[in-house]
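structure_35.cif follows (mmCIF, C-alpha atoms):
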```cif
data_protein
#
loop_
_atom_site.label_atom_id
_atom_site.label_comp_id
_atom_site.auth_asym_id
_atom_site.auth_seq_id
_atom_site.Cartn_x
_atom_site.Cartn_y
_atom_site.Cartn_z
CA MET A 624 86.64 169.15 -10.91
CA LYS A 625 84.13 171.29 -12.77
CA SER A 626 83.47 175.03 -12.79
CA VAL A 627 80.28 176.02 -11.03
CA ALA A 628 77.67 178.31 -12.63
CA PHE A 629 76.51 180.85 -10.07
CA ALA A 630 73.69 182.79 -11.67
CA ARG A 631 71.07 180.16 -10.99
CA HIS A 632 72.22 179.71 -7.39
CA ALA A 633 72.12 183.38 -6.32
CA VAL A 634 70.88 183.92 -2.79
CA ARG A 635 67.59 185.81 -2.58
CA GLY A 636 66.59 188.46 -0.04
CA ASN A 637 68.97 191.22 0.99
CA PRO A 638 72.21 190.12 -0.68
CA CYS A 639 74.42 192.46 1.28
CA ARG A 640 73.50 190.61 4.47
CA GLY A 641 73.89 187.04 3.20
CA PHE A 642 77.47 186.61 4.28
CA TYR A 643 76.82 188.19 7.69
CA ALA A 644 74.06 185.66 8.21
CA LEU A 645 76.51 182.97 7.19
CA ALA A 646 79.11 184.06 9.73
CA LEU A 647 76.48 184.23 12.46
CA LEU A 648 75.14 180.87 11.35
CA PHE A 649 78.52 179.29 12.05
CA PHE A 650 78.38 180.69 15.58
CA LEU A 651 74.86 179.41 16.19
CA LEU A 652 75.52 175.84 15.06
CA PRO A 653 74.53 173.37 17.79
CA ALA A 654 77.51 171.11 17.10
CA ALA A 655 80.03 173.72 16.25
CA CYS A 656 82.79 173.78 13.71
CA SER A 657 86.30 173.43 14.95
CA SER A 658 89.21 175.30 13.41
CA PRO A 659 89.52 174.61 9.66
CA GLU A 660 93.04 173.22 9.95
CA LYS A 661 91.77 170.47 12.26
CA LEU A 662 89.31 169.17 9.68
CA PRO A 663 90.21 166.48 7.12
CA SER A 664 91.69 167.99 3.97
CA GLN A 665 89.33 166.56 1.31
CA VAL A 666 88.65 169.71 -0.73
CA LEU A 667 85.11 170.34 -1.94
CA LEU A 668 85.37 173.98 -2.98
CA THR A 669 88.21 176.12 -4.30
CA VAL A 670 87.72 179.88 -4.74
CA ASN A 671 90.92 181.29 -6.22
CA ASP A 672 93.47 180.31 -3.57
CA ARG A 673 90.92 179.66 -0.79
CA THR A 674 89.52 176.19 -0.04
CA VAL A 675 86.63 174.68 1.91
CA SER A 676 86.70 171.02 2.87
CA LEU A 677 83.84 168.60 2.24
CA GLU A 678 83.75 167.72 5.92
CA ARG A 679 83.31 171.32 6.99
CA PHE A 680 80.61 171.91 4.39
CA GLN A 681 78.68 168.78 5.38
CA HIS A 682 79.02 169.44 9.10
CA GLU A 683 77.67 172.97 8.79
CA PHE A 684 75.02 172.15 6.20
CA GLU A 685 73.54 169.41 8.37
CA GLN A 686 72.81 171.98 11.07
CA LEU A 687 70.39 173.71 8.66
CA LEU A 688 68.24 170.62 8.27
CA PRO A 689 65.16 170.20 10.48
CA ARG A 690 65.65 167.72 13.32
CA ASP A 691 62.07 166.48 13.45
CA ARG A 692 61.54 165.52 9.81
CA ALA A 693 63.34 164.68 6.60
CA LEU A 694 63.16 167.15 3.74
CA PRO A 695 62.08 165.97 0.29
CA GLU A 696 65.20 165.27 -1.79
CA GLN A 697 64.52 168.10 -4.24
CA GLU A 698 64.07 170.62 -1.42
CA GLU A 699 67.21 169.46 0.35
CA GLN A 700 69.24 169.72 -2.85
CA ALA A 701 67.98 173.27 -3.43
CA LEU A 702 68.99 174.18 0.12
CA ARG A 703 72.38 172.57 -0.40
CA ARG A 704 73.00 174.62 -3.56
CA SER A 705 71.90 177.82 -1.84
CA PHE A 706 74.24 177.16 1.08
CA LEU A 707 77.09 176.40 -1.31
CA ALA A 708 76.44 179.70 -3.13
CA GLN A 709 76.66 181.57 0.17
CA LEU A 710 79.95 179.88 0.96
CA ILE A 711 81.34 180.81 -2.43
CA ASP A 712 80.33 184.45 -2.09
CA HIS A 713 81.76 184.57 1.42
CA GLN A 714 85.11 183.27 0.20
CA LEU A 715 85.09 185.75 -2.69
CA LEU A 716 84.62 188.63 -0.26
CA LEU A 717 87.35 187.44 2.08
CA GLY A 718 89.67 187.08 -0.90
CA GLU A 719 88.83 190.62 -2.01
CA ALA A 720 89.67 191.87 1.49
CA ALA A 721 93.12 190.34 1.07
CA ASN A 722 93.52 191.89 -2.40
CA LEU A 723 92.67 195.30 -0.96
CA HIS A 724 95.13 194.74 1.91
CA LEU A 725 92.35 195.21 4.44
CA SER A 726 92.84 193.88 7.93
CA VAL A 727 91.26 193.94 11.36
CA SER A 728 93.48 195.29 14.10
CA ALA A 729 93.70 193.71 17.51
CA ARG A 730 92.03 196.82 18.91
CA GLU A 731 89.10 196.60 16.46
CA LEU A 732 88.62 192.91 17.16
CA GLY A 733 88.85 193.47 20.91
CA LYS A 734 86.23 196.19 20.76
CA ALA A 735 83.89 193.97 18.74
CA VAL A 736 84.41 191.11 21.20
CA GLN A 737 83.56 193.39 24.12
CA ASN A 738 80.44 194.62 22.34
CA HIS A 739 79.26 191.04 21.95
CA LEU A 740 80.13 190.11 25.52
CA GLY A 741 78.24 193.15 26.77
CA GLN A 742 75.00 191.66 25.48
CA TYR A 743 75.26 188.72 27.90
CA PRO A 744 75.24 188.42 31.68
CA PRO A 745 78.71 187.63 33.13
CA GLY A 746 79.81 184.13 32.16
CA GLU A 747 76.78 183.44 29.96
CA PHE A 748 78.60 183.97 26.67
CA GLU A 749 81.34 181.53 27.63
CA ARG A 750 78.71 178.96 28.61
CA THR A 751 76.95 179.49 25.28
CA LEU A 752 80.20 178.82 23.40
CA ALA A 753 80.83 175.70 25.48
CA LYS A 754 77.33 174.35 24.77
CA LYS A 755 77.94 174.74 21.05
CA GLY A 756 81.37 173.19 21.25
CA LEU A 757 82.97 176.32 19.79
CA SER A 758 86.28 177.57 21.13
CA ALA A 759 86.78 181.25 21.84
CA ASP A 760 89.55 181.38 19.22
CA ALA A 761 87.32 179.84 16.54
CA TRP A 762 84.53 182.27 17.36
CA LYS A 763 86.92 185.23 17.21
CA GLN A 764 88.06 184.06 13.78
CA LEU A 765 84.45 184.14 12.55
CA LEU A 766 83.96 187.57 14.08
CA GLN A 767 87.13 188.80 12.41
CA GLU A 768 85.84 187.59 9.05
CA GLU A 769 82.58 189.46 9.62
CA LEU A 770 84.51 192.66 10.34
CA LEU A 771 86.58 192.16 7.19
CA VAL A 772 83.42 191.77 5.11
CA GLU A 773 82.11 195.01 6.63
CA LYS A 774 85.29 196.79 5.57
CA VAL A 775 85.08 195.42 2.03
CA LEU A 776 81.48 196.56 1.72
CA GLN A 777 82.30 199.99 3.08
CA ARG A 778 85.19 200.44 0.63
CA MET A 779 83.60 198.96 -2.48
CA ILE A 780 79.88 199.68 -2.02
CA ARG A 781 78.79 202.09 0.69
CA ASP A 782 81.39 204.78 0.01
CA LYS A 783 80.04 204.97 -3.55
CA ILE A 784 76.38 205.49 -2.64
CA LYS A 785 75.02 208.92 -3.50
CA VAL A 786 71.37 209.92 -3.38
CA ASP A 787 70.65 213.04 -5.46
CA GLU A 788 68.02 215.63 -4.60
CA THR A 789 66.37 214.91 -7.94
CA ASP A 790 65.99 211.24 -6.99
CA ILE A 791 64.47 212.15 -3.63
CA SER A 792 61.90 214.50 -5.16
CA ALA A 793 61.02 212.05 -7.94
CA TYR A 794 60.46 209.22 -5.47
CA PHE A 795 58.30 211.41 -3.25
CA GLU A 796 56.12 212.51 -6.17
CA ALA A 797 55.71 208.96 -7.45
CA ASN A 798 54.84 207.57 -4.01
CA ARG A 799 52.84 210.33 -2.33
CA GLN A 800 50.04 207.95 -1.36
CA SER A 801 52.37 205.69 0.57
CA PHE A 802 53.32 208.62 2.82
CA SER A 803 49.76 209.76 3.52
CA ARG A 804 48.53 209.26 7.08
CA PRO A 805 44.93 208.19 7.73
CA GLU A 806 42.69 209.63 10.40
CA GLN A 807 43.79 208.33 13.81
CA VAL A 808 42.74 208.52 17.42
CA ARG A 809 44.60 207.83 20.64
CA ALA A 810 42.32 206.22 23.18
CA ARG A 811 42.16 204.36 26.45
CA GLN A 812 39.69 201.68 27.44
CA ILE A 813 38.28 199.98 30.51
CA THR A 814 36.81 196.52 29.99
CA VAL A 815 34.60 194.79 32.57
CA ALA A 816 32.62 191.57 32.53
CA ASP A 817 29.07 192.82 33.10
CA GLU A 818 26.89 195.90 32.72
CA THR A 819 26.43 196.43 36.47
CA GLN A 820 30.16 196.73 37.03
CA GLY A 821 30.45 198.94 33.96
CA ARG A 822 27.81 201.38 35.27
CA LYS A 823 29.58 201.50 38.63
CA VAL A 824 32.93 202.35 37.03
CA LEU A 825 31.32 204.89 34.71
CA GLY A 826 29.80 206.62 37.73
CA MET A 827 33.18 206.85 39.44
CA LEU A 828 34.68 208.38 36.30
CA HIS A 829 31.94 211.04 36.22
CA GLN A 830 32.72 211.79 39.87
CA GLY A 831 36.36 212.52 39.03
CA LEU A 832 38.29 209.22 39.27
CA PRO A 833 41.19 209.45 36.75
CA PHE A 834 40.60 207.16 33.77
CA ASP A 835 44.04 205.50 33.88
CA GLU A 836 43.63 204.76 37.59
CA ALA A 837 40.18 203.25 37.03
CA ALA A 838 41.61 201.09 34.24
CA ARG A 839 44.34 199.75 36.50
CA ARG A 840 41.84 198.99 39.27
CA TYR A 841 38.90 197.55 37.39
CA SER A 842 39.74 196.68 33.78
CA VAL A 843 40.20 193.03 32.83
CA SER A 844 41.84 193.75 29.46
CA PRO A 845 45.60 193.13 28.95
CA ASP A 846 46.25 196.87 28.63
CA ALA A 847 45.00 197.54 32.18
CA ALA A 848 48.58 197.73 33.48
CA GLN A 849 49.18 200.63 31.05
CA GLY A 850 46.07 202.46 32.23
CA GLY A 851 44.05 201.04 29.35
CA ASP A 852 46.23 202.78 26.75
CA LEU A 853 45.39 201.58 23.23
CA GLY A 854 47.85 203.93 21.54
CA LEU A 855 47.21 205.55 18.16
CA PHE A 856 45.12 203.60 15.67
CA ALA A 857 43.27 204.17 12.42
CA ARG A 858 39.88 202.89 11.34
CA GLY A 859 39.86 199.17 10.75
CA GLU A 860 42.74 198.39 13.08
CA MET A 861 40.43 197.72 16.05
CA PRO A 862 37.07 195.92 16.27
CA GLU A 863 34.28 197.76 14.47
CA ALA A 864 32.54 198.58 17.74
CA PHE A 865 35.66 200.36 18.97
CA ASP A 866 35.80 202.51 15.83
CA ALA A 867 32.11 203.40 16.14
CA ALA A 868 32.62 204.51 19.73
CA VAL A 869 35.81 206.54 19.53
CA PHE A 870 35.98 208.19 16.10
CA GLY A 871 32.88 210.28 16.80
CA LEU A 872 33.86 211.11 20.38
CA PRO A 873 35.38 214.54 21.12
CA VAL A 874 38.87 214.67 22.63
CA GLY A 875 38.76 214.42 26.42
CA HIS A 876 35.31 212.85 26.51
CA VAL A 877 34.37 209.48 28.01
CA SER A 878 32.03 207.17 26.11
CA ASP A 879 28.95 205.42 27.42
CA LEU A 880 29.13 201.65 27.92
CA VAL A 881 29.87 199.77 24.69
CA LYS A 882 28.98 196.10 24.56
CA THR A 883 31.11 193.70 22.50
CA GLU A 884 31.88 190.00 22.53
CA TYR A 885 34.74 190.79 24.94
CA GLY A 886 32.55 192.43 27.60
CA TYR A 887 31.54 196.02 28.38
CA HIS A 888 33.89 198.85 27.45
CA ILE A 889 34.35 202.48 28.38
CA PHE A 890 36.56 204.63 26.15
CA LEU A 891 38.41 207.89 26.63
CA VAL A 892 39.69 209.73 23.54
CA GLU A 893 42.96 211.54 24.27
CA ALA A 894 43.88 212.76 20.78
CA HIS A 895 42.36 212.94 17.31
CA ARG A 896 44.59 213.29 14.25
CA PRO A 897 42.91 214.12 10.95
CA PRO A 898 44.19 212.53 7.74
CA SER A 899 47.26 214.29 6.42
CA GLN A 900 49.82 214.30 3.63
CA PRO A 901 53.28 215.03 5.04
CA ALA A 902 55.59 217.44 3.27
CA LEU A 903 58.74 216.18 1.60
CA GLU A 904 60.96 217.55 4.37
CA THR A 905 59.25 215.40 7.00
CA VAL A 906 59.94 212.15 5.12
CA ARG A 907 63.24 213.10 3.46
CA GLN A 908 65.43 210.90 5.67
CA GLU A 909 63.11 207.94 5.21
CA ILE A 910 63.39 208.30 1.42
CA VAL A 911 67.17 208.74 1.56
CA ALA A 912 67.50 205.54 3.61
CA LEU A 913 65.27 203.60 1.21
CA LEU A 914 67.08 204.82 -1.93
CA SER A 915 70.44 204.14 -0.28
CA ARG A 916 69.42 200.54 0.41
CA GLN A 917 68.30 200.14 -3.19
CA GLN A 918 71.60 201.52 -4.47
CA GLU A 919 73.56 199.30 -2.10
CA GLU A 920 71.78 196.20 -3.33
CA ARG A 921 72.25 197.11 -6.99
CA LEU A 922 75.92 198.06 -6.62
CA TYR A 923 76.59 194.93 -4.59
CA GLN A 924 75.00 192.63 -7.15
CA GLU A 925 76.93 194.24 -10.01
CA TRP A 926 80.21 194.14 -8.13
CA LEU A 927 79.75 190.56 -6.90
CA GLN A 928 78.90 189.42 -10.43
CA THR A 929 82.19 190.92 -11.59
CA LEU A 930 84.06 189.06 -8.85
CA ARG A 931 82.39 185.81 -9.85
CA GLN A 932 83.27 186.24 -13.51
CA LYS A 933 86.93 186.95 -12.77
CA ALA A 934 87.35 184.25 -10.14
CA SER A 935 88.66 180.74 -10.53
CA ILE A 936 86.00 178.65 -8.80
CA GLU A 937 85.79 174.89 -8.74
CA VAL A 938 83.43 172.51 -7.01
CA ASP A 939 84.06 168.79 -6.83
CA TRP A 940 80.44 167.78 -7.45
CA ALA A 941 81.32 164.11 -7.15
CA LEU A 942 82.00 164.63 -3.46
CA LEU A 943 78.48 165.94 -2.94
#
```
As structure tokens - that is how I would like this structure written.
Amino acid sequence: MKSVAFARHAVRGNPCRGFYALALLFFLLPAACSSPEKLPSQVLLTVNDRTVSLERFQHEFEQLLPRDRALPEQEEQALRRSFLAQLIDHQLLLGEAANLHLSVSARELGKAVQNHLGQYPPGEFERTLAKKGLSADAWKQLLQEELLVEKVLQRMIRDKIKVDETDISAYFEANRQSFSRPEQVRARQITVADETQGRKVLGMLHQGLPFDEAARRYSVSPDAAQGGDLGLFARGEMPEAFDAAVFGLPVGHVSDLVKTEYGYHIFLVEAHRPPSQPALETVRQEIVALLSRQQEERLYQEWLQTLRQKASIEVDWALL
């Protein structure tokens, strides 16, 4: 066996979610994994005192591969290394949970199980497990591991996150433009196929027919069911003809017919918001959440690197 070098195999993206994705991946496998003790004992990976068999690795890795085509060898090998890195990190975290004497109580597991079951109609979850060949006990084991990882992260990472007022103010000052809000309007539309129908509908609006009711009756656009509601939008988010019609229209006014490639339109402007620069207090929580995520990622990477350096990790590359 040979030691494995991790730095070049680090998983990209949000690292703090990699192992959750891994646990969920096991659940979603079409041909599911059975309990580890039932698999042949040929060891591929050893992380301290934890092992993963070659058979389990291969079985789960194969589910990642596309069914309709073969990957180029180089791409498949890169995917294999990335999956192996995730497995290693997952085992490191489970080992750390044991070192910290963390555990999941029967009550905690039961609550998590009920939360999952509550997302499915009665009996559907059990049928889903059966289709994937996964026993309820095996699935609960995966769920328990996910809960353990959550506890490790809470203890070692999230409890240490602190966002200072100075950091919040500095970020706001450096990123003021990203918080600015462009001019926006909230509008409704009615779309008809020809000018004659458009003039008829426009006449009914001038006689007092509510705009949303007219949209439901006569509009052929997909938003007709919502009374023609287009929501809030800024310049450039809608066709140019829409912008030309609504941004110069006073609030509460109905436009004349506007011809586009989609047909003939009538617009009603319900609100007009000028461009604005929000104060720090209005975006404080958004900044705190962003800085917290950044801290979590940095602390996680530093901590995981320490775990990797201290761990005894071996991969039998010959088996791969």
From the set A:Leu668, A:Ile813, A:Ala708, A:Leu766, which residue has the shortest atom-to-atom contact distance to Asp846 of chain A, counting all atoms listed in the file?
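Distance minimum relative to Asp846 of chain A lands on A:Ile813.
If all atoms listed in the file are the atoms counted, then among A:Val906, A:Ala941, A:Leu677, A:Ala912 the closest residue to Lys785 of chain A is A:Ala912.
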Apply the PyMOL selection byres ((chain A and resi 716) around 9) to the file shown and report the selected residues as a ChimeraX atom specification.
/A:642,711-715,717-721,771-772,775-776,927,930
Please, what is the axis-aligned box for every listed atom of segment 689-695 of chain A with 5 Å on each side, as centre and edge lengths in Å to one decimal, as JSON?
```
{"center_x": 63.6, "center_y": 167.4, "center_z": 6.9, "size_x": 14.1, "size_y": 15.5, "size_z": 23.2}
```
Report as a ChimeraX atom specification the residues that result from applying the PyMOL selection byres ((chain A and resi 858) around 10) to the structure here.
/A:805-808,856-857,859-863,865-867,869-870
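Using all atoms listed in the file, the protein and nucleic acid residues lying no more than 10 Å from Val727 of chain A, apart from those fewer than 6 places from it along its own chain, are Gly733, Gln767, Glu768, Glu769, Leu770, Leu771 and Lys774 of chain A.
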One-decimal distance in Å that lies between atom CA of Ala902 of chain A and atom CA of Phe795 of chain A:
9.3 Å
Two-atom distance - atom CA of Thr819 of chain A, atom CA of Tyr841 of chain A (Å)
12.6 Å
From the options A:Leu694, A:Ile780, A:Leu740, A:Leu732, which residue's atoms come nearest to Arg921 of chain A, counting all atoms listed in the file?
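Result for the nearest residue to Arg921 of chain A: A:Ile780.
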Which polymer residues, protein or nucleic acid, are no farther than 10 Å from (48.6, 216.1, 11.8), counting all atoms listed in the file, as a list in words?
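It turns out the residues near that spot are Arg804, Pro805, Glu806, Gln807, His895, Arg896, Pro897, Pro898, Ser899, Gln900 and Pro901 of chain A.
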For Pro833 of chain A, which of A:Gly746, A:Gly821, A:Gly875, A:Pro845 is the closest residue, counting all atoms listed in the file?
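The answer is A:Gly875, which sits nearest to Pro833 of chain A.
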Just how far from atom CA of Glu678 of chain A is atom CA of Lys754 of chain A, in Å to one decimal?
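Going from atom CA of Lys754 of chain A over to atom CA of Glu678 of chain A, I get 21.0 Å.
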Dump as a PyMOL selection string all residues having an atom at most 6 Å from (86.0, 170.6, 0.3), computed in the file's coordinates with all atoms listed in the file.
chain A and resi 665-668+675-677
I need the residue nearest Leu880 of chain A from this list: A:Leu914, A:Val892, A:Leu825, A:Ala735. Use all atoms listed in the file for the distance.
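Smallest separation from Leu880 of chain A among the options: A:Leu825.
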Might you spell out which residues the PyMOL selection byres ((chain A and resi 669) around 6) would select in the displayed file, as a ChimeraX atom specification?
/A:668,670,673-674,936-937
Distance criterion (all atoms listed in the file): nearest to Met779 of chain A out of A:Glu685, A:Val877, A:Leu723, A:Arg690:
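Ranking A:Glu685, A:Val877, A:Leu723, A:Arg690 by distance to Met779 of chain A, first place goes to A:Leu723.
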Which polymer residues have any atom within 9 Å of an atom of Asp852 of chain A, counting only C-alpha atoms, with same-chain residues fewer than 6 positions away left out, as number ranges by chain?
A: 809-812, 835, 838, 846
Reconstructed all heavy atoms for segment 837-848 of chain A, given as a PDB file, in the coordinates of the input:
```pdb
ATOM      1  N   ALA A 837      41.334 204.152  37.077  1.00  0.00           N
ATOM      2  CA  ALA A 837      40.180 203.250  37.030  1.00  0.00           C
ATOM      3  C   ALA A 837      40.509 202.012  36.187  1.00  0.00           C
ATOM      4  O   ALA A 837      40.113 200.881  36.526  1.00  0.00           O
ATOM      5  CB  ALA A 837      38.972 203.974  36.456  1.00  0.00           C
ATOM      6  N   ALA A 838      41.238 202.222  35.091  1.00  0.00           N
ATOM      7  CA  ALA A 838      41.610 201.090  34.240  1.00  0.00           C
ATOM      8  C   ALA A 838      42.496 200.112  34.997  1.00  0.00           C
ATOM      9  O   ALA A 838      42.306 198.885  34.913  1.00  0.00           O
ATOM     10  CB  ALA A 838      42.316 201.593  32.982  1.00  0.00           C
ATOM     11  N   ARG A 839      43.446 200.636  35.742  1.00  0.00           N
ATOM     12  CA  ARG A 839      44.340 199.750  36.500  1.00  0.00           C
ATOM     13  C   ARG A 839      43.588 198.987  37.584  1.00  0.00           C
ATOM     14  O   ARG A 839      43.896 197.842  37.882  1.00  0.00           O
ATOM     15  CB  ARG A 839      45.476 200.569  37.112  1.00  0.00           C
ATOM     16  CG  ARG A 839      46.469 201.118  36.086  1.00  0.00           C
ATOM     17  CD  ARG A 839      47.675 201.777  36.761  1.00  0.00           C
ATOM     18  NE  ARG A 839      48.606 202.266  35.772  1.00  0.00           N
ATOM     19  CZ  ARG A 839      48.603 203.500  35.274  1.00  0.00           C
ATOM     20  NH1 ARG A 839      47.687 204.378  35.713  1.00  0.00           N
ATOM     21  NH2 ARG A 839      49.470 203.877  34.375  1.00  0.00           N
ATOM     22  N   ARG A 840      42.595 199.629  38.173  1.00  0.00           N
ATOM     23  CA  ARG A 840      41.840 198.990  39.270  1.00  0.00           C
ATOM     24  C   ARG A 840      40.830 197.971  38.770  1.00  0.00           C
ATOM     25  O   ARG A 840      40.688 196.886  39.354  1.00  0.00           O
ATOM     26  CB  ARG A 840      41.085 200.055  40.065  1.00  0.00           C
ATOM     27  CG  ARG A 840      41.926 200.879  41.002  1.00  0.00           C
ATOM     28  CD  ARG A 840      40.961 201.690  41.875  1.00  0.00           C
ATOM     29  NE  ARG A 840      41.597 202.807  42.529  1.00  0.00           N
ATOM     30  CZ  ARG A 840      40.948 203.692  43.282  1.00  0.00           C
ATOM     31  NH1 ARG A 840      39.632 203.593  43.441  1.00  0.00           N
ATOM     32  NH2 ARG A 840      41.587 204.693  43.859  1.00  0.00           N
ATOM     33  N   TYR A 841      40.106 198.329  37.713  1.00  0.00           N
ATOM     34  CA  TYR A 841      38.900 197.550  37.390  1.00  0.00           C
ATOM     35  C   TYR A 841      38.936 196.842  36.028  1.00  0.00           C
ATOM     36  O   TYR A 841      38.153 195.911  35.812  1.00  0.00           O
ATOM     37  CB  TYR A 841      37.670 198.479  37.422  1.00  0.00           C
ATOM     38  CG  TYR A 841      37.483 199.169  38.752  1.00  0.00           C
ATOM     39  CD1 TYR A 841      37.696 200.541  38.880  1.00  0.00           C
ATOM     40  CD2 TYR A 841      37.123 198.446  39.894  1.00  0.00           C
ATOM     41  CE1 TYR A 841      37.537 201.184  40.100  1.00  0.00           C
ATOM     42  CE2 TYR A 841      36.957 199.076  41.121  1.00  0.00           C
ATOM     43  CZ  TYR A 841      37.174 200.442  41.223  1.00  0.00           C
ATOM     44  OH  TYR A 841      37.019 201.064  42.440  1.00  0.00           O
ATOM     45  N   SER A 842      39.780 197.268  35.111  1.00  0.00           N
ATOM     46  CA  SER A 842      39.740 196.680  33.780  1.00  0.00           C
ATOM     47  C   SER A 842      40.313 195.277  33.771  1.00  0.00           C
ATOM     48  O   SER A 842      41.303 194.983  34.464  1.00  0.00           O
ATOM     49  CB  SER A 842      40.516 197.560  32.786  1.00  0.00           C
ATOM     50  OG  SER A 842      40.428 197.023  31.472  1.00  0.00           O
ATOM     51  N   VAL A 843      39.714 194.404  32.961  1.00  0.00           N
ATOM     52  CA  VAL A 843      40.200 193.030  32.830  1.00  0.00           C
ATOM     53  C   VAL A 843      40.942 192.821  31.512  1.00  0.00           C
ATOM     54  O   VAL A 843      41.357 191.702  31.202  1.00  0.00           O
ATOM     55  CB  VAL A 843      39.030 192.016  32.931  1.00  0.00           C
ATOM     56  CG1 VAL A 843      38.375 192.085  34.295  1.00  0.00           C
ATOM     57  CG2 VAL A 843      37.997 192.262  31.816  1.00  0.00           C
ATOM     58  N   SER A 844      41.131 193.886  30.734  1.00  0.00           N
ATOM     59  CA  SER A 844      41.840 193.750  29.460  1.00  0.00           C
ATOM     60  C   SER A 844      43.352 193.775  29.691  1.00  0.00           C
ATOM     61  O   SER A 844      43.826 194.305  30.708  1.00  0.00           O
ATOM     62  CB  SER A 844      41.431 194.860  28.495  1.00  0.00           C
ATOM     63  OG  SER A 844      41.753 196.123  29.038  1.00  0.00           O
ATOM     64  N   PRO A 845      44.144 193.200  28.768  1.00  0.00           N
ATOM     65  CA  PRO A 845      45.600 193.130  28.950  1.00  0.00           C
ATOM     66  C   PRO A 845      46.266 194.483  29.095  1.00  0.00           C
ATOM     67  O   PRO A 845      47.342 194.585  29.686  1.00  0.00           O
ATOM     68  CB  PRO A 845      46.077 192.411  27.676  1.00  0.00           C
ATOM     69  CG  PRO A 845      44.890 191.646  27.198  1.00  0.00           C
ATOM     70  CD  PRO A 845      43.702 192.476  27.560  1.00  0.00           C
ATOM     71  N   ASP A 846      45.625 195.551  28.556  1.00  0.00           N
ATOM     72  CA  ASP A 846      46.250 196.870  28.630  1.00  0.00           C
ATOM     73  C   ASP A 846      45.963 197.586  29.948  1.00  0.00           C
ATOM     74  O   ASP A 846      46.325 198.760  30.115  1.00  0.00           O
ATOM     75  CB  ASP A 846      45.763 197.745  27.464  1.00  0.00           C
ATOM     76  CG  ASP A 846      44.258 197.672  27.280  1.00  0.00           C
ATOM     77  OD1 ASP A 846      43.531 198.062  28.200  1.00  0.00           O
ATOM     78  OD2 ASP A 846      43.818 197.195  26.215  1.00  0.00           O
ATOM     79  N   ALA A 847      45.341 196.905  30.896  1.00  0.00           N
ATOM     80  CA  ALA A 847      45.000 197.540  32.180  1.00  0.00           C
ATOM     81  C   ALA A 847      46.247 198.063  32.882  1.00  0.00           C
ATOM     82  O   ALA A 847      46.219 199.135  33.490  1.00  0.00           O
ATOM     83  CB  ALA A 847      44.273 196.544  33.070  1.00  0.00           C
ATOM     84  N   ALA A 848      47.348 197.318  32.811  1.00  0.00           N
ATOM     85  CA  ALA A 848      48.580 197.730  33.480  1.00  0.00           C
ATOM     86  C   ALA A 848      49.119 199.037  32.918  1.00  0.00           C
ATOM     87  O   ALA A 848      49.856 199.762  33.596  1.00  0.00           O
ATOM     88  CB  ALA A 848      49.645 196.636  33.357  1.00  0.00           C
TER      89      ALA A 848
END
```
